[in-house]
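Heads up: the structure comes next, in structure tokens.
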Amino acid sequence: MGKKVAVIGAGASGLVAIKSCLEEGLEPTCFERTEDIGGLWRFNESAEAGRASIYKTVIINTSKEMMCYSDFHIPDDYPNYMHNSKILQYFRLYAEHFQLTKYIHFKTTVCSVKKQPDFATSGQWEVITEKDGKQESAIFDAVLVCSGHHTEAHLPLHTFPGIEKFKGRYLHSRDYKSPVEFEGKRVIVIGIGNSGGDIAVELSRTASQVFLSTRRGSWILNRVSDYGYPVDMLHLTRFLNTVKHSMPNFLLNHVAESKLNQRFDHANYGIKPKHKVFSQHPMVNDDLPNRIIAGTVLVKTNVAKFTETDAIFDDETVEKNIDAVIFATGYSFSFPFCEELKVKDNKIPLYKFTFLPELEKQTLAVIGLIQPLGAIMPISELQCRLATRIFTGKKLLPSISGMKEDIRKKKEEMEQRYVCSQRHTIQVDYLEYMDELAELLGVKPNFLNLFLTDPKLAWAVYFGPCTPYQYRISGPGKWVNARRTILTQWDRVMKPMRTRHVEPSSRFSLLHVILGVVVLLAAVFFY
């Protein structure tokens, strides 16, 4: 085997980190503080210290074809939007297929990751771990940090005067597991991200009344899009991305807002924010409008202060006899085991959100520290594939000044585009970011070559969903089954839904498709 690599964490990013090391002839050793794989996606009845935590009914917001690893698609009969137990099953299948678990040291905590004294020449790290109360030290040639960013609950109690006097129960969404204990209660959910929306919906079926409190409001996307197709399969395409970048921002936002308001007018439901669609990470939730129209969820402004039993809101309305408050206020992230990874205000200056520019040797990478409107798994995979190629010396990063300039530009773009929020410090656009990594790695699809040599595949790659398999068509890590897997992806979407035979609906002809493209391009040109 080649160089020794320490992998921290055996969740969604850690598993693909091990596999990427093996692909490049590196020797991985993974340290997982718990007794099993899965990280965030392994449900536990209680929240464990230092580990990401979910509630029992969590269903992922990205469809299976968009979230799978690029050379191991999710089984055909798995649902498009999977329950957390199915996601864990998929990880087990992946780990078994590529024989990854033998490289994992379970119930082992990483205490520290430090540069060796000769780091400038060796690039090596001392990793100190602890298991069963006993510490061990080992030297590694490189480190992949896959510890995630959903472990430290952000609980801003200081911004809610009177909470210390409140006699009811309050907790962070990280500690929420089931609606049973809130049956018949009056509950406030603070925060309108994905967790806040999901928890409010779930509670509304058993609680006496749920109040969803938000400072800004939010735009809400459905998992189920036009004609019942997964929303990310229809909208995360290279063609639509080209159209999006060809349109002026005001028109782009107007079109997007009009589309979202077709299902329900966000203003009428008290959710419409002042900011535009593309200035915030939107909520993905199919049920919230239904619960609002049924009155089981009432949307409220921000809580101005609490009394012993009541909540007073910014608009001076009062809700009395509140039994519980759930803070769905996000997470903070830090890396206390590595002094090189300094985080301030949930920000850390990493090149491509992965590499520290200042390191004398690029032998450390942070994996999965991003917030995309899309799946993290294939992004983590590309980060790992790039990092391991850099560890072997087959790829080089730009100069320190070049990397810092890229970080500066990304920071400026983020500040100009997004509303100021803790979760927007690591925000990325899924397709653009994947292509940035793929270009560095040398696996971005060559469209001109594809259209000349394989028009059928080129059509699927450009007009179809940007599924992870596209990054296995050519270049390092090329997968012989990539073409077939891309051309059969819609079959796998349909498979779990067609459980009762019926005659298929009539489909648009090729003429309709061509006319639609012409109309879209004409609209872009004239506007």
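Following the order of the structure tokens, first chain is A, next is B, and so on, with residues numbered from 1 inside each chain and ligands from 1 in the order they appear.
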Taking the backbone alone, and naming residues the way the document does, which bits of segment 229-321 of chain A are alpha helix (DSSP H) by DSSP, as a ChimeraX atom specification? /A:231-235,238-246,249-263,288-293
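Neighbours of Thr34 of chain A closer than or equal to 8 Å, with only C-alpha atoms counted and sequence neighbours fewer than 4 positions away skipped, come out as Phe106, Lys107 and Thr108 of chain A.
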Can you pull out every residue within 10 Å of Lys177 of chain A, counting only C-alpha atoms, but drop anything in the same chain fewer than 5 positions away, and send it as a count of residues only? 12
One residue among A:Asp36, A:Glu27, A:Glu432, A:Asp265 is nearest to Thr237 of chain A when using only C-alpha atoms, and that residue is A:Glu432
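Reported to one decimal place, the separation of atom CA of Ala375 of chain A from atom CA of Phe391 of chain A is 25.2 Å.
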Rank nothing, just name the residue among A:His97, A:Lys4, A:Arg42, A:Arg291 nearest to Asn84 of chain A, using only C-alpha atoms. A:Arg42
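Here the DSSP assignment of strand (DSSP E or B), based on backbone atoms, applies within segment 334-436 of chain A to Lys344, Lys347, Tyr351, Phe355, Leu364, Ala365, Val366, Gln371, Pro372, Gln427 and Val428 of chain A.
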